[in-house]
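The file start_6.cif comes next; it holds mmCIF, C-alpha atoms.
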```cif
data_entry
#
loop_
_atom_site.label_atom_id
_atom_site.label_comp_id
_atom_site.auth_asym_id
_atom_site.auth_seq_id
_atom_site.Cartn_x
_atom_site.Cartn_y
_atom_site.Cartn_z
CA MET A 1 12.92 -11.87 -3.74
CA THR A 2 14.68 -13.70 -6.49
CA GLY A 3 17.19 -11.01 -7.26
CA SER A 4 18.46 -7.61 -6.23
CA GLU A 5 19.06 -6.33 -9.73
CA THR A 6 17.47 -3.10 -10.84
CA SER A 7 16.36 -2.01 -14.29
CA PRO A 8 16.51 1.48 -15.78
CA SER A 9 12.72 1.70 -15.84
CA PHE A 10 9.57 0.07 -14.49
CA ARG A 11 6.76 -0.94 -16.87
CA LEU A 12 3.29 -0.99 -15.37
CA ALA A 13 0.38 -2.48 -17.29
CA TYR A 14 -3.25 -1.61 -16.57
CA VAL A 15 -6.57 -2.78 -17.94
CA PRO A 16 -9.40 -0.43 -19.00
CA GLY A 17 -11.19 1.11 -16.04
CA VAL A 18 -8.16 1.21 -13.72
CA THR A 19 -6.72 4.63 -12.93
CA PRO A 20 -3.14 4.21 -11.66
CA THR A 21 -2.48 7.95 -11.26
CA LYS A 22 -2.12 7.93 -7.46
CA TRP A 23 0.41 5.09 -7.40
CA VAL A 24 2.40 6.55 -10.27
CA ARG A 25 2.66 9.88 -8.44
CA ILE A 26 4.00 8.21 -5.29
CA TRP A 27 6.48 6.21 -7.37
CA ASN A 28 7.81 9.38 -9.00
CA GLU A 29 8.23 10.99 -5.58
CA ARG A 30 10.13 8.04 -4.07
CA LEU A 31 12.10 6.84 -7.08
CA PRO A 32 12.66 9.90 -9.29
CA ASP A 33 15.65 8.24 -10.99
CA VAL A 34 13.61 5.23 -12.14
CA PRO A 35 11.04 6.26 -14.78
CA LEU A 36 7.72 4.42 -14.75
CA THR A 37 6.15 3.60 -18.11
CA LEU A 38 2.41 2.90 -18.34
CA VAL A 39 1.24 0.16 -20.70
CA GLY A 40 -2.49 0.06 -21.47
CA VAL A 41 -3.74 -3.42 -22.34
CA PRO A 42 -7.15 -5.08 -22.92
CA ALA A 43 -8.23 -7.22 -19.97
CA ALA A 44 -8.06 -10.45 -22.01
CA GLU A 45 -4.45 -9.79 -23.06
CA ALA A 46 -3.01 -8.61 -19.72
CA PHE A 47 -1.74 -12.00 -18.53
CA ASP A 48 0.04 -12.83 -21.77
CA LEU A 49 1.71 -9.43 -21.60
CA LEU A 50 3.05 -10.16 -18.11
CA ARG A 51 4.22 -13.64 -19.06
CA GLY A 52 5.96 -12.29 -22.14
CA SER A 53 7.90 -9.67 -20.14
CA GLY A 54 5.93 -6.85 -21.74
CA ALA A 55 5.49 -5.33 -18.27
CA ASP A 56 7.03 -5.79 -14.82
CA ALA A 57 3.64 -5.77 -13.08
CA GLY A 58 0.08 -4.87 -13.93
CA PHE A 59 -3.38 -4.04 -12.65
CA VAL A 60 -5.62 -6.86 -13.89
CA ARG A 61 -9.06 -8.30 -13.31
CA LEU A 62 -9.42 -11.49 -11.30
CA PRO A 63 -9.28 -14.46 -11.57
CA VAL A 64 -5.52 -14.91 -12.00
CA ASP A 65 -3.82 -18.19 -12.86
CA ARG A 66 -1.55 -18.68 -9.83
CA THR A 67 0.55 -21.31 -11.59
CA ASP A 68 3.13 -18.74 -12.64
CA LEU A 69 1.65 -15.39 -11.65
CA SER A 70 1.42 -13.77 -8.23
CA ALA A 71 -1.50 -11.51 -7.38
CA ILE A 72 -2.64 -9.19 -4.60
CA PRO A 73 -6.42 -8.50 -4.64
CA LEU A 74 -7.03 -4.78 -4.18
CA TYR A 75 -10.71 -3.88 -4.45
CA THR A 76 -14.11 -4.94 -5.79
CA GLU A 77 -15.98 -2.73 -8.22
CA THR A 78 -19.64 -1.78 -8.14
CA THR A 79 -21.67 -3.13 -11.08
CA VAL A 80 -24.00 -0.73 -12.91
CA VAL A 81 -26.37 -0.70 -15.87
CA VAL A 82 -25.74 1.95 -18.53
CA ILE A 83 -28.96 3.44 -19.90
CA PRO A 84 -30.19 6.55 -21.76
CA LYS A 85 -31.01 9.44 -19.43
CA ASP A 86 -34.70 9.29 -20.35
CA HIS A 87 -34.95 5.55 -19.70
CA LEU A 88 -37.52 4.32 -17.16
CA VAL A 89 -34.77 2.68 -15.06
CA ALA A 90 -33.11 6.08 -14.60
CA SER A 91 -35.87 7.06 -12.15
CA ALA A 92 -34.55 4.53 -9.58
CA GLU A 93 -31.37 4.79 -7.52
CA GLU A 94 -30.75 1.03 -7.64
CA VAL A 95 -32.17 -1.86 -9.63
CA SER A 96 -31.91 -5.66 -9.70
CA THR A 97 -31.32 -8.01 -12.60
CA GLY A 98 -35.01 -8.84 -12.41
CA ASP A 99 -35.83 -5.23 -13.29
CA LEU A 100 -33.99 -5.76 -16.59
CA ALA A 101 -36.04 -8.81 -17.60
CA ASP A 102 -37.80 -6.98 -20.45
CA GLU A 103 -34.65 -5.19 -21.66
CA ILE A 104 -32.23 -6.22 -24.40
CA VAL A 105 -29.00 -6.60 -22.43
CA LEU A 106 -25.91 -6.21 -24.60
CA ASN A 107 -23.04 -8.60 -23.97
CA PRO A 108 -19.83 -7.46 -25.70
CA LEU A 109 -17.07 -9.93 -26.54
CA ASP A 110 -14.73 -8.18 -24.07
CA ASP A 111 -17.21 -8.39 -21.18
CA VAL A 112 -15.36 -8.75 -17.85
CA LEU A 113 -18.25 -9.85 -15.60
CA PRO A 114 -18.46 -13.54 -14.61
CA TRP A 115 -22.06 -14.16 -15.64
CA GLU A 116 -23.73 -17.50 -15.01
CA THR A 117 -26.91 -16.34 -16.72
CA LEU A 118 -27.16 -13.04 -18.54
CA PRO A 119 -30.28 -11.10 -17.49
CA GLY A 120 -32.87 -9.70 -19.89
CA LYS A 121 -33.26 -10.57 -23.54
CA PRO A 122 -30.20 -11.36 -25.69
CA ALA A 123 -29.25 -9.05 -28.53
CA PHE A 124 -29.24 -10.26 -32.14
CA GLU A 125 -25.44 -10.31 -32.04
CA ARG A 126 -22.72 -9.51 -29.57
CA PRO A 127 -20.88 -6.19 -29.97
CA GLU A 128 -17.14 -6.47 -30.53
CA THR A 129 -16.14 -4.19 -27.65
CA THR A 130 -17.59 -2.36 -24.66
CA ALA A 131 -17.13 0.91 -26.57
CA ASP A 132 -19.29 -0.49 -29.41
CA ALA A 133 -21.94 -1.54 -26.90
CA ILE A 134 -22.03 1.97 -25.45
CA GLU A 135 -22.81 3.32 -28.92
CA LEU A 136 -25.71 0.88 -29.22
CA VAL A 137 -27.07 1.97 -25.84
CA ALA A 138 -26.98 5.58 -27.02
CA ALA A 139 -28.89 4.50 -30.13
CA GLY A 140 -31.62 2.98 -27.95
CA ILE A 141 -30.95 -0.62 -29.01
CA GLY A 142 -30.35 -2.03 -25.53
CA VAL A 143 -28.74 -1.56 -22.11
CA LEU A 144 -25.30 -2.58 -20.87
CA VAL A 145 -24.24 -4.00 -17.48
CA VAL A 146 -20.58 -3.26 -16.66
CA PRO A 147 -18.26 -2.35 -13.77
CA GLN A 148 -18.74 1.27 -12.75
CA SER A 149 -15.20 2.20 -13.83
CA LEU A 150 -16.00 1.22 -17.43
CA ALA A 151 -19.24 3.21 -17.34
CA ARG A 152 -17.19 6.25 -16.30
CA LEU A 153 -14.50 5.53 -18.88
CA HIS A 154 -17.08 5.57 -21.69
CA HIS A 155 -19.15 8.42 -20.27
CA ARG A 156 -21.51 10.26 -22.60
CA LYS A 157 -23.72 13.24 -21.81
CA ASP A 158 -26.82 11.45 -23.10
CA LEU A 159 -26.27 8.37 -20.94
CA THR A 160 -26.32 7.61 -17.22
CA TYR A 161 -26.01 4.51 -15.03
CA ARG A 162 -27.57 2.92 -11.97
CA THR A 163 -26.27 0.32 -9.50
CA VAL A 164 -27.37 -3.30 -10.08
CA SER A 165 -27.64 -4.85 -6.62
CA ASP A 166 -27.41 -8.55 -7.48
CA ALA A 167 -25.15 -8.60 -10.54
CA PRO A 168 -21.72 -10.27 -10.57
CA GLU A 169 -18.81 -8.04 -9.55
CA SER A 170 -15.34 -7.53 -10.98
CA ARG A 171 -12.26 -7.49 -8.71
CA ILE A 172 -9.03 -5.65 -9.44
CA ALA A 173 -5.63 -7.07 -8.45
CA LEU A 174 -1.96 -6.27 -8.83
CA SER A 175 -0.22 -9.14 -10.62
CA TRP A 176 3.32 -9.98 -11.76
CA PRO A 177 5.33 -13.05 -12.85
CA GLU A 178 6.23 -14.97 -9.70
CA GLU A 179 9.77 -15.75 -10.87
CA LYS A 180 10.43 -12.07 -11.57
CA THR A 181 9.75 -10.57 -8.15
CA THR A 182 12.50 -7.98 -8.45
CA ASP A 183 13.38 -5.18 -6.01
CA LEU A 184 11.41 -2.72 -8.15
CA VAL A 185 8.36 -4.97 -8.05
CA GLU A 186 8.70 -5.10 -4.25
CA GLU A 187 8.91 -1.30 -4.19
CA PHE A 188 5.67 -0.99 -6.16
CA ILE A 189 3.93 -3.58 -3.97
CA GLY A 190 4.86 -1.45 -0.98
CA ILE A 191 3.38 1.65 -2.61
CA VAL A 192 0.13 -0.12 -3.48
CA ARG A 193 -0.14 -1.54 0.03
CA GLY A 194 0.39 1.88 1.57
CA ARG A 195 3.77 1.33 3.17
CA THR A 196 5.51 4.51 4.20
CA VAL A 197 8.81 5.65 2.75
CA ASN A 198 10.53 4.67 6.04
CA SER A 199 9.29 1.08 5.95
CA THR A 200 12.09 -1.46 6.41
CA ARG A 201 10.34 -4.12 4.27
CA GLY A 202 12.87 -5.32 1.74
CA ARG A 203 15.73 -3.29 3.22
CA PRO A 204 18.45 -4.41 5.65
CA PRO A 205 17.69 -3.42 9.26
CA THR A 206 19.61 -0.56 10.82
CA PRO A 207 22.19 -1.89 13.33
CA PRO A 208 21.58 -0.80 16.95
CA GLN A 209 23.69 2.11 18.12
CA PRO A 210 25.94 1.60 21.24
CA LYS A 211 24.82 3.38 24.36
CA GLN A 212 26.94 6.32 25.41
CA ARG A 213 28.38 6.28 28.93
CA LYS A 214 27.92 9.26 31.16
CA ARG A 215 31.06 11.25 31.71
CA PRO A 216 32.19 11.41 35.37
CA ASP A 217 32.47 14.78 37.04
CA ALA A 218 35.80 16.42 37.88
CA ALA A 219 35.93 14.75 41.30
CA GLY A 220 35.57 11.27 39.78
CA GLY A 221 31.99 10.83 40.90
CA LYS A 222 28.94 9.84 38.90
CA GLY A 223 26.88 12.95 39.17
CA LYS A 224 26.62 13.16 42.96
CA ASN A 225 28.03 15.82 45.25
CA PRO A 226 31.36 14.57 46.72
CA ALA A 227 30.43 15.87 50.17
CA ALA A 228 27.14 13.99 50.10
CA ARG A 229 28.95 10.89 48.89
CA ALA A 230 31.49 11.20 51.72
CA GLY A 231 28.72 11.64 54.28
CA GLY A 232 26.98 8.50 53.08
CA LYS A 233 24.67 7.22 55.79
CA SER A 234 26.85 8.32 58.72
CA GLY A 235 24.36 10.87 59.93
CA GLY A 236 27.01 13.64 60.18
CA LYS A 237 26.05 17.27 59.98
CA SER A 238 25.48 18.58 56.50
CA GLY A 239 28.54 20.25 55.05
CA GLY A 240 30.68 19.75 58.16
CA GLY A 241 30.40 16.19 59.44
CA LYS A 242 33.31 13.79 59.01
CA GLN A 243 32.97 10.07 58.42
CA ALA A 244 34.28 7.98 61.27
CA GLY A 245 37.49 6.18 60.37
CA LYS A 246 37.92 2.45 60.64
CA ASN A 247 40.04 0.92 63.36
CA PRO A 248 42.85 -1.15 61.79
CA ARG A 249 41.67 -4.05 63.94
CA GLY A 250 38.22 -3.92 62.51
CA GLY A 251 36.42 -1.77 65.05
CA SER A 252 35.20 1.71 64.67
CA ALA A 253 36.92 4.42 66.57
CA ALA A 254 36.79 8.12 66.95
CA PRO A 255 39.40 10.11 65.08
CA LYS A 256 42.75 10.32 66.85
CA ALA A 257 43.35 13.53 68.73
CA ALA A 258 46.06 15.79 67.41
CA LYS A 259 49.41 15.53 69.19
CA ARG A 260 50.17 18.33 71.58
CA GLY A 261 53.65 19.82 71.57
CA LYS A 262 55.56 20.82 74.63
CA PRO A 263 55.13 24.47 75.64
CA ARG A 264 58.04 26.54 74.65
CA GLY A 265 59.97 28.08 77.41
CA ARG A 266 60.02 31.79 77.86
CA PRO A 267 63.12 33.47 76.71
#
```
Exercise: express the given structure as structure tokens:
Amino acid sequence: MTGSETSPSFRLAYVPGVTPTKWVRIWNERLPDVPLTLVGVPAAEAFDLLRGSGADAGFVRLPVDRTDLSAIPLYTETTVVVIPKDHLVASAEEVSTGDLADEIVLNPLDDVLPWETLPGKPAFERPETTADAIELVAAGIGVLVVPQSLARLHHRKDLTYRTVSDAPESRIALSWPEEKTTDLVEEFIGIVRGRTVNSTRGRPPTPPQPKQRKRPDAAGGKGKNPAARAGGKSGGKSGGGKQAGKNPRGGSAAPKAAKRGKPRGRP
């Protein structure tokens, strides 16, 4: 991280088709004192927004210029063709680009798919936006191949979509300016990557706690019965045996007998 400063809010950009609801909810649970502001931006303008400090981080479509931006790829979207519900293609569960050879395939100026060769027949002119292309599909002028999230975003009751098995795919990534990897950016990266609230990533480790010593018992022992400790391995009788004393000269000897006193005389 390049700094530990925090800002009063976190600005999150997102391109059309991305739904950041889940991540925003987790953010609000973990950082309730730091409001998160969503910034919707067209896919073509997302990188300039990040470079110009218009957002702290953003969900964008790959590729990302890694010269000054960092990126974490998240997922790849399914590509579909949007068609009228009564279209012949609607009878299939999945189609290929070859199945669209006789169709007019609309190619809006904000298309996000990395085409090498557009399938089908080209339209007379390119629609300005994906939303405009959807209107043309509804009018029966052509079909539109887009990521599934955009088909859902522009859903209409008179239209449907089917998976295109061999079409290019769009990938979503989390991106941010590399030189502005702040603590809040690290927090959001952790949320997106599924780190738990107790994760130590980006936080100082907890110092180890000293071990507590066991308190000796009243007799000064360490949890053992004093009688058993006295008996040791001498083999004396339980509860009544006495440990043999050591002879001052180094040998073992039996305990000294008690001194006998002289008998008292009778009065």
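Using all atoms listed in the file, the protein and nucleic acid residues lying no more than 8 Å from region 138-148 of chain A, apart from those fewer than 2 places from it along its own chain, are Glu77, Thr78, Thr79, Val80, Val81, Val82, Ile83, Pro84, Glu103, Ile104, Val105, Leu106, Asn107, Asp111, Val112, Leu113, Ala123, Ala133, Ile134, Glu135, Leu136, Leu150, Ala151, Arg152, Asp158, Leu159, Glu169 and Ser170 of chain A.
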The PyMOL selection byres ((chain A and resi 36-49) around 6) on the file shown: which residues, as a list of chain:residue names?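 Listing what the PyMOL selection byres ((chain A and resi 36-49) around 6) selects in the shown file: A:Ser9, A:Phe10, A:Arg11, A:Leu12, A:Ala13, A:Tyr14, A:Val15, A:Pro35, A:Leu50, A:Arg51, A:Gly52, A:Gly54.
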From the list A:Ala55, A:Ala101, A:Val137, A:Leu118, which residue is nearest Pro168 (chain A) when using all atoms listed in the file?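 Smallest distance to Pro168 (chain A) is found for A:Leu118.
Residues matched by the PyMOL selection byres ((chain A and resi 31) around 12) in this file: Thr6, Pro8, Ser9, Phe10, Trp23, Val24, Arg25, Ile26, Trp27, Asn28, Glu29, Arg30, Pro32, Asp33, Val34, Pro35, Leu36, Leu184, Glu187, Phe188, Ile191 and Val197 of chain A.
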From the block you just saw, export region 132-152 of chain A: N, CA and C atoms, as a PDB file, in the first residue's frame.
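Saved the output as selection-v6.pdb:
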```
ATOM      1  N   ASP A 132     -30.048   1.650 -28.422  1.00  0.00           N
ATOM      2  CA  ASP A 132     -30.622   1.921 -29.746  1.00  0.00           C
ATOM      3  C   ASP A 132     -30.718   0.638 -30.563  1.00  0.00           C
ATOM      4  N   ALA A 133     -29.715  -0.220 -30.442  1.00  0.00           N
ATOM      5  CA  ALA A 133     -29.728  -1.476 -31.185  1.00  0.00           C
ATOM      6  C   ALA A 133     -30.861  -2.382 -30.717  1.00  0.00           C
ATOM      7  N   ILE A 134     -31.127  -2.369 -29.430  1.00  0.00           N
ATOM      8  CA  ILE A 134     -32.241  -3.164 -28.893  1.00  0.00           C
ATOM      9  C   ILE A 134     -33.556  -2.720 -29.525  1.00  0.00           C
ATOM     10  N   GLU A 135     -33.733  -1.427 -29.691  1.00  0.00           N
ATOM     11  CA  GLU A 135     -34.955  -0.909 -30.311  1.00  0.00           C
ATOM     12  C   GLU A 135     -35.073  -1.403 -31.755  1.00  0.00           C
ATOM     13  N   LEU A 136     -33.968  -1.466 -32.454  1.00  0.00           N
ATOM     14  CA  LEU A 136     -33.989  -1.953 -33.836  1.00  0.00           C
ATOM     15  C   LEU A 136     -34.307  -3.439 -33.897  1.00  0.00           C
ATOM     16  N   VAL A 137     -33.820  -4.199 -32.925  1.00  0.00           N
ATOM     17  CA  VAL A 137     -34.162  -5.625 -32.869  1.00  0.00           C
ATOM     18  C   VAL A 137     -35.668  -5.783 -32.674  1.00  0.00           C
ATOM     19  N   ALA A 138     -36.233  -4.988 -31.775  1.00  0.00           N
ATOM     20  CA  ALA A 138     -37.675  -5.057 -31.520  1.00  0.00           C
ATOM     21  C   ALA A 138     -38.480  -4.672 -32.767  1.00  0.00           C
ATOM     22  N   ALA A 139     -37.891  -3.825 -33.609  1.00  0.00           N
ATOM     23  CA  ALA A 139     -38.565  -3.410 -34.841  1.00  0.00           C
ATOM     24  C   ALA A 139     -38.374  -4.414 -35.970  1.00  0.00           C
ATOM     25  N   GLY A 140     -37.616  -5.491 -35.718  1.00  0.00           N
ATOM     26  CA  GLY A 140     -37.421  -6.527 -36.714  1.00  0.00           C
ATOM     27  C   GLY A 140     -36.376  -6.196 -37.757  1.00  0.00           C
ATOM     28  N   ILE A 141     -35.485  -5.258 -37.463  1.00  0.00           N
ATOM     29  CA  ILE A 141     -34.480  -4.830 -38.441  1.00  0.00           C
ATOM     30  C   ILE A 141     -33.240  -5.721 -38.408  1.00  0.00           C
ATOM     31  N   GLY A 142     -32.952  -6.334 -37.291  1.00  0.00           N
ATOM     32  CA  GLY A 142     -31.776  -7.185 -37.192  1.00  0.00           C
ATOM     33  C   GLY A 142     -31.698  -7.858 -35.839  1.00  0.00           C
ATOM     34  N   VAL A 143     -30.579  -8.531 -35.558  1.00  0.00           N
ATOM     35  CA  VAL A 143     -30.347  -9.177 -34.267  1.00  0.00           C
ATOM     36  C   VAL A 143     -29.099  -8.541 -33.647  1.00  0.00           C
ATOM     37  N   LEU A 144     -28.899  -8.795 -32.368  1.00  0.00           N
ATOM     38  CA  LEU A 144     -27.793  -8.165 -31.644  1.00  0.00           C
ATOM     39  C   LEU A 144     -27.077  -9.203 -30.789  1.00  0.00           C
ATOM     40  N   VAL A 145     -25.752  -9.275 -30.899  1.00  0.00           N
ATOM     41  CA  VAL A 145     -24.951 -10.195 -30.093  1.00  0.00           C
ATOM     42  C   VAL A 145     -24.245  -9.379 -29.013  1.00  0.00           C
ATOM     43  N   VAL A 146     -24.516  -9.713 -27.733  1.00  0.00           N
ATOM     44  CA  VAL A 146     -23.993  -8.945 -26.603  1.00  0.00           C
ATOM     45  C   VAL A 146     -23.725  -9.873 -25.425  1.00  0.00           C
ATOM     46  N   PRO A 147     -22.982  -9.402 -24.413  1.00  0.00           N
ATOM     47  CA  PRO A 147     -22.894 -10.157 -23.161  1.00  0.00           C
ATOM     48  C   PRO A 147     -24.275 -10.316 -22.533  1.00  0.00           C
ATOM     49  N   GLN A 148     -24.479 -11.431 -21.859  1.00  0.00           N
ATOM     50  CA  GLN A 148     -25.798 -11.719 -21.293  1.00  0.00           C
ATOM     51  C   GLN A 148     -26.268 -10.635 -20.319  1.00  0.00           C
ATOM     52  N   SER A 149     -25.340 -10.023 -19.589  1.00  0.00           N
ATOM     53  CA  SER A 149     -25.744  -8.996 -18.629  1.00  0.00           C
ATOM     54  C   SER A 149     -26.379  -7.803 -19.320  1.00  0.00           C
ATOM     55  N   LEU A 150     -25.920  -7.462 -20.525  1.00  0.00           N
ATOM     56  CA  LEU A 150     -26.514  -6.345 -21.260  1.00  0.00           C
ATOM     57  C   LEU A 150     -27.868  -6.735 -21.836  1.00  0.00           C
ATOM     58  N   ALA A 151     -28.021  -8.002 -22.218  1.00  0.00           N
ATOM     59  CA  ALA A 151     -29.335  -8.459 -22.682  1.00  0.00           C
ATOM     60  C   ALA A 151     -30.360  -8.358 -21.556  1.00  0.00           C
ATOM     61  N   ARG A 152     -29.942  -8.688 -20.337  1.00  0.00           N
ATOM     62  CA  ARG A 152     -30.839  -8.570 -19.192  1.00  0.00           C
ATOM     63  C   ARG A 152     -31.103  -7.118 -18.838  1.00  0.00           C
TER      64      ARG A 152
END
```
